Structures are given as structure tokens and as C-alpha cells.
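Engineer: Here you go, this is target07.cif (mmCIF, C-alpha atoms).
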```
data_start
#
loop_
_atom_site.group_PDB
_atom_site.id
_atom_site.type_symbol
_atom_site.label_atom_id
_atom_site.label_comp_id
_atom_site.auth_asym_id
_atom_site.auth_seq_id
_atom_site.Cartn_x
_atom_site.Cartn_y
_atom_site.Cartn_z
ATOM 1 C CA MET A 446 10.457 16.497 11.035
ATOM 2 C CA SER A 447 7.722 17.551 13.433
ATOM 3 C CA GLU A 448 4.948 15.131 14.344
ATOM 4 C CA SER A 449 1.448 15.737 13.034
ATOM 5 C CA LYS A 450 -1.157 16.158 15.794
ATOM 6 C CA LEU A 451 -4.143 15.683 13.498
ATOM 7 C CA LYS A 452 -6.898 13.536 15.019
ATOM 8 C CA LEU A 453 -9.798 12.333 12.894
ATOM 9 C CA ALA A 454 -13.076 10.945 14.178
ATOM 10 C CA LYS A 455 -13.603 8.964 10.996
ATOM 11 C CA ALA A 456 -10.492 8.521 8.867
ATOM 12 C CA PRO A 457 -11.161 7.726 5.175
ATOM 13 C CA ILE A 458 -8.657 4.841 5.097
ATOM 14 C CA VAL A 459 -9.771 1.838 3.040
ATOM 15 C CA GLU A 460 -6.454 -0.031 3.200
ATOM 16 C CA ALA A 461 -3.098 0.315 4.964
ATOM 17 C CA VAL A 462 -0.086 -1.719 3.851
ATOM 18 C CA LEU A 463 3.302 -2.241 5.455
ATOM 19 C CA ASP A 464 6.004 -3.851 3.297
ATOM 20 C CA ILE A 465 9.416 -4.993 4.505
ATOM 21 C CA ASP A 466 11.473 -5.966 1.466
ATOM 22 C CA CYS A 467 14.435 -8.233 2.127
ATOM 23 C CA ASP A 468 17.326 -10.123 0.638
ATOM 24 C CA MET A 469 16.478 -13.817 0.928
ATOM 25 C CA PRO A 470 18.887 -16.753 1.353
ATOM 26 C CA ALA A 471 20.521 -18.326 -1.692
ATOM 27 C CA GLY A 472 18.244 -20.937 -3.211
ATOM 28 C CA PHE A 473 15.172 -19.484 -1.506
ATOM 29 C CA ASN A 474 12.096 -21.430 -2.637
ATOM 30 C CA LEU A 475 8.843 -19.768 -1.661
ATOM 31 C CA ALA A 476 6.681 -22.694 -2.773
ATOM 32 C CA ALA A 477 8.557 -24.967 -0.364
ATOM 33 C CA MET A 478 7.621 -22.595 2.483
ATOM 34 C CA GLU A 479 3.886 -23.149 2.039
ATOM 35 C CA LYS A 480 3.440 -26.076 4.438
ATOM 36 C CA PRO A 481 5.343 -24.649 7.455
ATOM 37 C CA ALA A 482 3.865 -21.185 6.827
ATOM 38 C CA ARG A 483 0.297 -22.495 6.729
ATOM 39 C CA GLU A 484 0.839 -24.360 9.977
ATOM 40 C CA ALA A 485 2.289 -21.260 11.654
ATOM 41 C CA PHE A 486 -0.398 -18.813 10.502
ATOM 42 C CA ARG A 487 -3.503 -21.016 10.492
ATOM 43 C CA PRO A 488 -4.711 -20.275 14.080
ATOM 44 C CA GLN A 489 -5.209 -16.528 13.455
ATOM 45 C CA TYR A 490 -5.298 -16.556 9.640
ATOM 46 C CA PRO A 491 -7.300 -19.609 8.565
ATOM 47 C CA LYS A 492 -7.840 -18.506 4.954
ATOM 48 C CA PHE A 493 -5.014 -19.051 2.490
ATOM 49 C CA ARG A 494 -4.261 -18.360 -1.148
ATOM 50 C CA ASN A 495 -1.254 -18.290 -3.450
ATOM 51 C CA GLN A 496 -0.401 -15.311 -5.598
ATOM 52 C CA PHE A 497 1.144 -16.374 -8.892
ATOM 53 C CA LEU A 498 3.145 -14.688 -11.628
ATOM 54 C CA GLU A 499 2.670 -15.999 -15.145
ATOM 55 C CA GLU A 500 5.340 -15.255 -17.750
ATOM 56 C CA HIS A 501 4.697 -15.906 -21.436
ATOM 57 C CA HIS A 502 7.363 -16.069 -24.141
ATOM 58 C CA ILE A 503 6.541 -16.130 -27.841
ATOM 59 C CA GLU A 504 9.344 -16.977 -30.263
ATOM 60 C CA ALA A 505 8.707 -16.124 -33.897
ATOM 61 C CA LYS A 506 9.785 -18.702 -36.475
ATOM 62 C CA ALA A 507 11.042 -18.220 -40.015
ATOM 63 C CA ASN A 508 9.493 -19.702 -43.152
ATOM 64 C CA ASN A 509 5.926 -19.268 -41.891
ATOM 65 C CA GLU A 510 6.399 -21.865 -39.174
ATOM 66 C CA PRO A 511 4.061 -21.537 -36.179
ATOM 67 C CA ALA A 512 5.409 -19.352 -33.380
ATOM 68 C CA LYS A 513 6.664 -21.203 -30.314
ATOM 69 C CA HIS A 514 4.845 -20.285 -27.111
ATOM 70 C CA THR A 515 6.108 -21.142 -23.650
ATOM 71 C CA ALA A 516 4.634 -20.186 -20.284
ATOM 72 C CA LYS A 517 6.080 -20.178 -16.784
ATOM 73 C CA ARG A 518 4.072 -19.913 -13.578
ATOM 74 C CA SER A 519 5.701 -19.196 -10.229
ATOM 75 C CA VAL A 520 4.515 -18.429 -6.704
ATOM 76 C CA GLN A 521 5.081 -14.778 -5.786
ATOM 77 C CA ALA A 522 3.377 -14.648 -2.379
ATOM 78 C CA LEU A 523 1.769 -16.834 0.267
ATOM 79 C CA GLN A 524 -1.244 -14.914 1.588
ATOM 80 C CA PHE A 525 -2.900 -15.599 4.954
ATOM 81 C CA MET A 526 -6.213 -13.949 5.857
ATOM 82 C CA HIS A 527 -8.599 -13.543 8.743
ATOM 83 C CA ASP A 528 -12.005 -15.184 8.308
ATOM 84 C CA ASP A 529 -13.487 -11.806 7.337
ATOM 85 C CA ALA A 530 -10.573 -11.127 4.915
ATOM 86 C CA LYS A 531 -10.033 -7.708 6.552
ATOM 87 C CA GLN A 532 -6.485 -8.507 7.665
ATOM 88 C CA LEU A 533 -3.819 -10.120 5.511
ATOM 89 C CA VAL A 534 -0.248 -11.270 6.104
ATOM 90 C CA GLN A 535 1.979 -12.084 3.150
ATOM 91 C CA LEU A 536 5.239 -13.967 2.833
ATOM 92 C CA ARG A 537 6.532 -12.717 -0.510
ATOM 93 C CA ILE A 538 9.470 -13.456 -2.798
ATOM 94 C CA GLN A 539 10.745 -10.009 -1.743
ATOM 95 C CA GLY A 540 9.855 -10.241 1.955
ATOM 96 C CA PHE A 541 6.865 -9.509 4.188
ATOM 97 C CA SER A 542 3.620 -7.525 3.981
ATOM 98 C CA PHE A 543 0.893 -6.698 6.486
ATOM 99 C CA ASN A 544 -2.391 -5.424 5.015
ATOM 100 C CA ARG A 545 -5.300 -4.015 6.981
ATOM 101 C CA LEU A 546 -8.590 -3.085 5.322
ATOM 102 C CA ALA A 547 -11.354 -0.928 6.763
ATOM 103 C CA PRO A 548 -12.467 -0.747 9.476
ATOM 104 C CA TYR A 549 -9.052 0.598 10.475
ATOM 105 C CA SER A 550 -8.369 1.903 13.970
ATOM 106 C CA SER A 551 -4.758 3.008 14.484
ATOM 107 C CA LEU A 552 -1.369 1.650 13.506
ATOM 108 C CA ASP A 553 -0.545 1.537 17.218
ATOM 109 C CA ASP A 554 -3.214 -1.143 17.640
ATOM 110 C CA TYR A 555 -1.585 -3.354 15.000
ATOM 111 C CA PHE A 556 2.059 -3.118 16.067
ATOM 112 C CA PRO A 557 1.946 -6.195 18.360
ATOM 113 C CA GLU A 558 0.491 -8.323 15.569
ATOM 114 C CA ILE A 559 2.905 -6.900 13.000
ATOM 115 C CA ARG A 560 5.819 -7.861 15.213
ATOM 116 C CA ARG A 561 4.408 -11.321 15.949
ATOM 117 C CA THR A 562 3.809 -12.135 12.284
ATOM 118 C CA TRP A 563 7.146 -10.614 11.234
ATOM 119 C CA ASP A 564 8.886 -12.904 13.736
ATOM 120 C CA LEU A 565 7.024 -15.879 12.248
ATOM 121 C CA VAL A 566 8.205 -14.907 8.768
ATOM 122 C CA ARG A 567 11.772 -14.591 10.035
ATOM 123 C CA SER A 568 11.633 -18.043 11.619
ATOM 124 C CA ILE A 569 10.243 -19.599 8.431
ATOM 125 C CA ALA A 570 12.101 -17.766 5.669
ATOM 126 C CA SER A 571 15.302 -16.556 7.408
ATOM 127 C CA PRO A 572 15.675 -13.238 5.530
ATOM 128 C CA ILE A 573 19.286 -12.081 5.417
ATOM 129 C CA GLN A 574 18.922 -8.318 5.269
ATOM 130 C CA ILE A 575 16.214 -5.654 5.135
ATOM 131 C CA ARG A 576 16.372 -3.555 1.977
ATOM 132 C CA VAL A 577 13.260 -1.327 2.035
ATOM 133 C CA VAL A 578 10.533 -0.419 4.509
ATOM 134 C CA ARG A 579 7.405 0.912 2.840
ATOM 135 C CA LEU A 580 4.151 2.292 4.251
ATOM 136 C CA ARG A 581 1.124 2.888 2.031
ATOM 137 C CA TYR A 582 -2.302 4.296 2.882
ATOM 138 C CA ILE A 583 -5.189 4.254 0.422
ATOM 139 C CA ASN A 584 -7.944 6.730 1.316
ATOM 140 C CA ARG A 585 -11.367 7.064 -0.288
ATOM 141 C CA ILE A 586 -12.775 10.540 0.164
ATOM 142 C CA LEU A 587 -16.438 11.237 -0.588
ATOM 143 C CA LEU A 588 -16.834 14.839 -1.765
ATOM 144 C CA PRO A 589 -20.413 16.162 -1.531
ATOM 145 C CA LEU A 590 -22.003 17.180 -4.816
ATOM 146 C CA ILE A 591 -23.878 20.487 -5.004
ATOM 147 C CA GLY A 592 -26.082 20.735 -8.041
ATOM 148 C CA GLY A 593 -24.259 17.736 -9.469
ATOM 149 C CA ARG A 594 -20.867 19.492 -9.252
ATOM 150 C CA VAL A 595 -17.932 19.806 -6.894
ATOM 151 C CA GLU A 596 -15.126 22.357 -6.784
ATOM 152 C CA LEU A 597 -11.954 20.341 -6.228
ATOM 153 C CA ASP A 598 -10.065 23.444 -5.083
ATOM 154 C CA ASP A 599 -12.400 23.601 -2.095
ATOM 155 C CA TYR A 600 -11.023 20.276 -0.848
ATOM 156 C CA PHE A 601 -7.496 19.805 -2.245
ATOM 157 C CA LYS A 602 -4.680 22.320 -2.019
ATOM 158 C CA THR A 603 -3.330 20.998 -5.311
ATOM 159 C CA SER A 604 -5.981 19.744 -7.720
ATOM 160 C CA PRO A 605 -6.093 18.800 -11.430
ATOM 161 C CA LYS A 606 -6.297 21.659 -13.916
ATOM 162 C CA LEU A 607 -7.371 21.768 -17.552
ATOM 163 C CA PRO A 608 -6.224 24.167 -20.272
ATOM 164 C CA GLY A 609 -9.081 26.303 -21.478
ATOM 165 C CA GLU A 610 -11.298 25.446 -18.519
ATOM 166 C CA GLU A 611 -14.028 27.704 -19.871
ATOM 167 C CA LYS A 612 -14.468 25.219 -22.746
ATOM 168 C CA LEU A 613 -13.785 21.921 -20.968
ATOM 169 C CA GLN A 614 -15.493 20.224 -18.036
ATOM 170 C CA LEU A 615 -13.384 17.740 -16.096
ATOM 171 C CA ALA A 616 -14.993 14.285 -16.313
ATOM 172 C CA GLY A 617 -12.301 12.225 -14.574
ATOM 173 C CA PHE A 618 -8.633 12.277 -13.684
ATOM 174 C CA ILE A 619 -5.644 10.424 -12.294
ATOM 175 C CA ASN A 620 -2.605 12.358 -11.043
ATOM 176 C CA GLN A 621 0.628 10.790 -9.810
ATOM 177 C CA ASN A 622 3.544 12.643 -8.239
ATOM 178 C CA THR A 623 6.826 11.165 -7.033
ATOM 179 C CA ALA A 624 9.268 12.989 -4.799
ATOM 180 C CA VAL A 625 12.151 12.607 -2.358
ATOM 181 C CA GLU A 626 12.089 14.233 1.056
ATOM 182 C CA VAL A 627 15.264 16.301 1.158
ATOM 183 C CA ASN A 628 16.156 15.799 4.829
ATOM 184 C CA THR A 629 15.665 12.024 4.991
ATOM 185 C CA GLY A 630 15.852 10.732 1.428
ATOM 186 C CA TYR A 631 12.462 9.063 1.897
ATOM 187 C CA GLN A 632 10.723 8.249 -1.372
ATOM 188 C CA VAL A 633 7.170 9.525 -1.768
ATOM 189 C CA THR A 634 4.454 8.632 -4.270
ATOM 190 C CA ILE A 635 1.070 10.373 -4.163
ATOM 191 C CA VAL A 636 -1.813 9.384 -6.428
ATOM 192 C CA LEU A 637 -5.066 11.307 -6.705
ATOM 193 C CA ALA A 638 -7.774 9.699 -8.838
ATOM 194 C CA SER A 639 -11.498 10.094 -9.360
ATOM 195 C CA GLN A 640 -14.016 7.263 -9.311
ATOM 196 C CA PRO A 641 -17.472 7.125 -10.950
ATOM 197 C CA VAL A 642 -19.902 9.659 -9.521
ATOM 198 C CA GLU A 643 -22.360 8.407 -6.905
ATOM 199 C CA PRO A 644 -25.836 9.930 -6.370
ATOM 200 C CA GLU A 645 -24.659 12.471 -3.789
ATOM 201 C CA HIS A 646 -20.857 12.254 -3.855
ATOM 202 C CA LEU A 647 -17.766 12.210 -6.024
ATOM 203 C CA PRO A 648 -15.415 9.518 -4.634
ATOM 204 C CA ILE A 649 -11.718 10.388 -4.765
ATOM 205 C CA ILE A 650 -8.879 7.918 -4.151
ATOM 206 C CA PHE A 651 -6.026 9.594 -2.283
ATOM 207 C CA ASP A 652 -3.106 7.134 -2.180
ATOM 208 C CA ILE A 653 0.052 7.998 -0.222
ATOM 209 C CA CYS A 654 3.117 5.727 -0.253
ATOM 210 C CA VAL A 655 6.324 6.519 1.637
ATOM 211 C CA ALA A 656 9.405 4.319 1.636
ATOM 212 C CA ASP A 657 12.974 4.220 2.888
ATOM 213 C CA ALA A 658 15.678 2.155 1.205
ATOM 214 C CA LYS A 659 18.100 1.277 3.996
ATOM 215 C CA THR A 660 19.782 -1.977 4.959
ATOM 216 C CA ALA A 661 19.246 -3.389 8.436
ATOM 217 C CA ASP A 662 19.289 -6.584 10.468
ATOM 218 C CA PRO A 663 15.888 -8.351 10.236
ATOM 219 C CA ALA A 664 16.131 -9.182 13.957
ATOM 220 C CA ASN A 665 16.405 -5.512 14.963
ATOM 221 C CA TRP A 666 12.752 -4.794 15.786
ATOM 222 C CA ASP A 667 13.558 -1.488 17.517
ATOM 223 C CA TRP A 668 15.052 -0.185 14.273
ATOM 224 C CA ILE A 669 12.068 -1.427 12.269
ATOM 225 C CA LEU A 670 9.622 0.203 14.687
ATOM 226 C CA ASP A 671 11.461 3.541 14.563
ATOM 227 C CA GLU A 672 11.488 3.357 10.773
ATOM 228 C CA ILE A 673 7.753 2.693 10.555
ATOM 229 C CA GLN A 674 6.996 5.516 12.997
ATOM 230 C CA SER A 675 9.091 7.959 11.002
ATOM 231 C CA LEU A 676 7.433 6.972 7.724
ATOM 232 C CA ARG A 677 4.042 7.200 9.383
ATOM 233 C CA ASN A 678 4.789 10.704 10.592
ATOM 234 C CA LEU A 679 5.728 11.825 7.078
ATOM 235 C CA LYS A 680 2.585 10.186 5.660
ATOM 236 C CA ASN A 681 0.424 12.036 8.190
ATOM 237 C CA GLN A 682 2.028 15.354 7.315
ATOM 238 C CA LEU A 683 1.510 14.790 3.593
ATOM 239 C CA PHE A 684 -2.119 13.906 4.215
ATOM 240 C CA GLU A 685 -2.787 16.993 6.301
ATOM 241 C CA GLU A 686 -0.861 19.363 4.046
ATOM 242 C CA SER A 687 -2.636 18.142 0.903
ATOM 243 C CA LEU A 688 -6.182 18.802 2.112
ATOM 244 C CA THR A 689 -8.061 21.976 2.925
ATOM 245 C CA ARG A 690 -9.826 22.534 6.231
ATOM 246 C CA PRO A 691 -13.293 21.882 4.692
ATOM 247 C CA CYS A 692 -12.000 18.546 3.445
ATOM 248 C CA LEU A 693 -10.495 17.604 6.826
ATOM 249 C CA ASN A 694 -13.798 18.554 8.442
ATOM 250 C CA LEU A 695 -15.491 15.806 6.435
ATOM 251 C CA PHE A 696 -13.681 13.269 8.621
ATOM 252 C CA GLN A 697 -14.884 14.776 11.901
ATOM 253 C CA GLN A 698 -18.571 14.096 11.234
#
```
Translate the structure described by the file into C-alpha cells.
Structural biologist:
Amino acid sequence: MSESKLKLAKAPIVEAVLDIDCDMPAGFNLAAMEKPAREAFRPQYPKFRNQFLEEHHIEAKANNEPAKHTAKRSVQALQFMHDDAKQLVQLRIQGFSFNRLAPYSSLDDYFPEIRRTWDLVRSIASPIQIRVVRLRYINRILLPLIGGRVELDDYFKTSPKLPGEEKLQLAGFINQNTAVEVNTGYQVTIVLASQPVEPEHLPIIFDICVADAKTADPANWDWILDEIQSLRNLKNQLFEESLTRPCLNLFQQ
């Protein structure tokens, strides 16, 4: 696949997420990792929180007896944040995540920190094998309203359509498409969704997720880096090929 050369003065990215899903050792206990993980991440990520999963089970009883309710709560992720909460590292049941919120510069700027924090996760959790590498970019695009309206076709090469458009006016939408890139087998999910109208703009969420399900050695950073770069290149192409030139021009102002 050819590399996209698109350069934007002001990219509409509100959040970028890198996930590395892994097989964990037998008997892996995420809650037991909290103390060593907090000590390792505290200098750069002083804020901490747990992410929990709550499971509820209701068992119906015969003869009008009260139903039996049981609940189970388990730690799903240990989350470490910068003071401004703009950057987040997660040690998850399934592996590792690196989240960056706006302002976002370039993935190249974050690679050293991604590698450093990934190495910390490896030293703490000892993942056995990489299963999936996933890259997700959430964009928020502000489309200018003219007379309180916007023509989506002016900004998106593929936009939502209604039957009988002469009788219906689109008030909101959410579109999701999933695909597989033929040459690589990469999995793609694209979501396009409207948000409530603002005084001068219609905000659109343009969410692109690309993933590759391949096994690899967690210590092989060169492989991980190549994988991320390849996914990034596909994401950039999908972004550019989904938007019209007037839409891309919005990010050069």
C-alpha cells in the first residue's frame, strides 16, 4: 500500500488509541498488579483509577419465591494519567493501551513514550504473546452551516441517504461500516455520526479503527513498530479517501 502524503495544519483528532492485546500468563491477576504498576508509572502518570466490570446474575425461583440476585465486580484495567488527563496508559486484562487526547501532534512524537510504557507493562505483567494490534482515531469535524443547513455530500464522499428525500429532512444519523483490506487482511471499522447542532456548525464524529490479528513476541519492538506504522498508513488513506477537498481544506485553516 502506498503511503499517504497528506499534511494537515490542524487535524480534527480528539483522541488516538493504540491497543496491544495479548495472551497473559496462567493465573494472571490484574488486581495484584496495582501496587507495582502504580510505583512504576507514578513519576509521569500521577493520577490513577481502576476500571471495573460488574456482572449481575438473576435466578428466577419457582413457587413465587423471591429471585436470587448475585453480583460480581472485577478489575478490567489499571489506568494511569498525566496531571492534565490528556495522556493515559492502561494495563488491561487483555493487554496494553496508550490513549492521547487533543491537543495531538503526531504519532511520531509519542513513539518513545509508547515504547517506554510498553516495556514497563511487559516487566510488570509478563505477557506471553501478542494477539492483536489496533489503532483507532476519533475525529470531530465541524461543518459550517449555511442558512442553518449543510450538504453532507459537499464534505463526505459517502454520506447518509434517506428514501424519499423530498419528504424527509435528515435530523441525525450514525453509520457504521466494517471491512477487511484484501491485500493485508487488516480489519477496518468506520463510524460516522452526527452530534447536536451548534450555533454555526454541525459536529460530525468520524471514527476510524484499523486492526491486525497476528501473533508475535511481546519483546519484538521492531515488529510492533512496523505493525503500527502499517496500520497508521491505512488509517491515513481511509481518512483522505473518505473526505472531499472542501472538507480537507477545513483542516488547513
Engineer: Excluding A:Lys680 and its own-chain neighbours fewer than 2 positions away, which residues fall within 8 Å of it when counting all atoms listed in the file? Please give them as a PyMOL selection string.
Structural biologist: chain A and resi 653-655+676-678+682-684
Engineer: Rank A:Phe618, A:Tyr490, A:Tyr631, A:Phe601 by their smallest atom-to-atom distance to A:Thr562, using only C-alpha atoms, and report the top residue only.
Structural biologist: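 Checking each candidate against A:Thr562, we get A:Tyr490 as the closest.
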Engineer: I need the output of the PyMOL selection byres ((chain A and resi 466) around 9) for this file as a list in words; which residues are they?
Structural biologist: Asp464, Ile465, Cys467, Asp468, Arg537, Ile538, Gln539, Gly540, Phe541, Ser542, Gln574, Ile575, Arg576, Val577, Val578 and Arg579 of chain A
Engineer: Counting all atoms listed in the file, figure out which residue out of A:Arg494, A:Arg690, A:Arg585, A:Arg561 gets nearest to A:Ala522.
Structural biologist: A:Arg494
Engineer: Which residues fall under the PyMOL selection byres ((chain A and resi 595-598) around 12) in this file, as a PyMOL selection string?
Structural biologist: chain A and resi 586-594+599-606+614-618+637-639+642+645-649+687-692
Engineer: So which one's closest to A:Phe651, A:Asn474, A:Ser675, A:Gln489, A:Asn584? Using all atoms listed in the file, please.
Structural biologist: A:Asn584
Engineer: Given the file above and the PyMOL selection byres ((chain A and resi 556) around 12), which residues are selected, and can you give them as a list in words?
Structural biologist: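 Applied to this file, the PyMOL selection byres ((chain A and resi 556) around 12) selects Leu463, Phe543, Arg545, Ser550, Ser551, Leu552, Asp553, Asp554, Tyr555, Pro557, Glu558, Ile559, Arg560, Arg561, Thr562, Trp563, Trp666, Asp667, Ile669, Leu670, Asp671, Ile673 and Gln674 of chain A.
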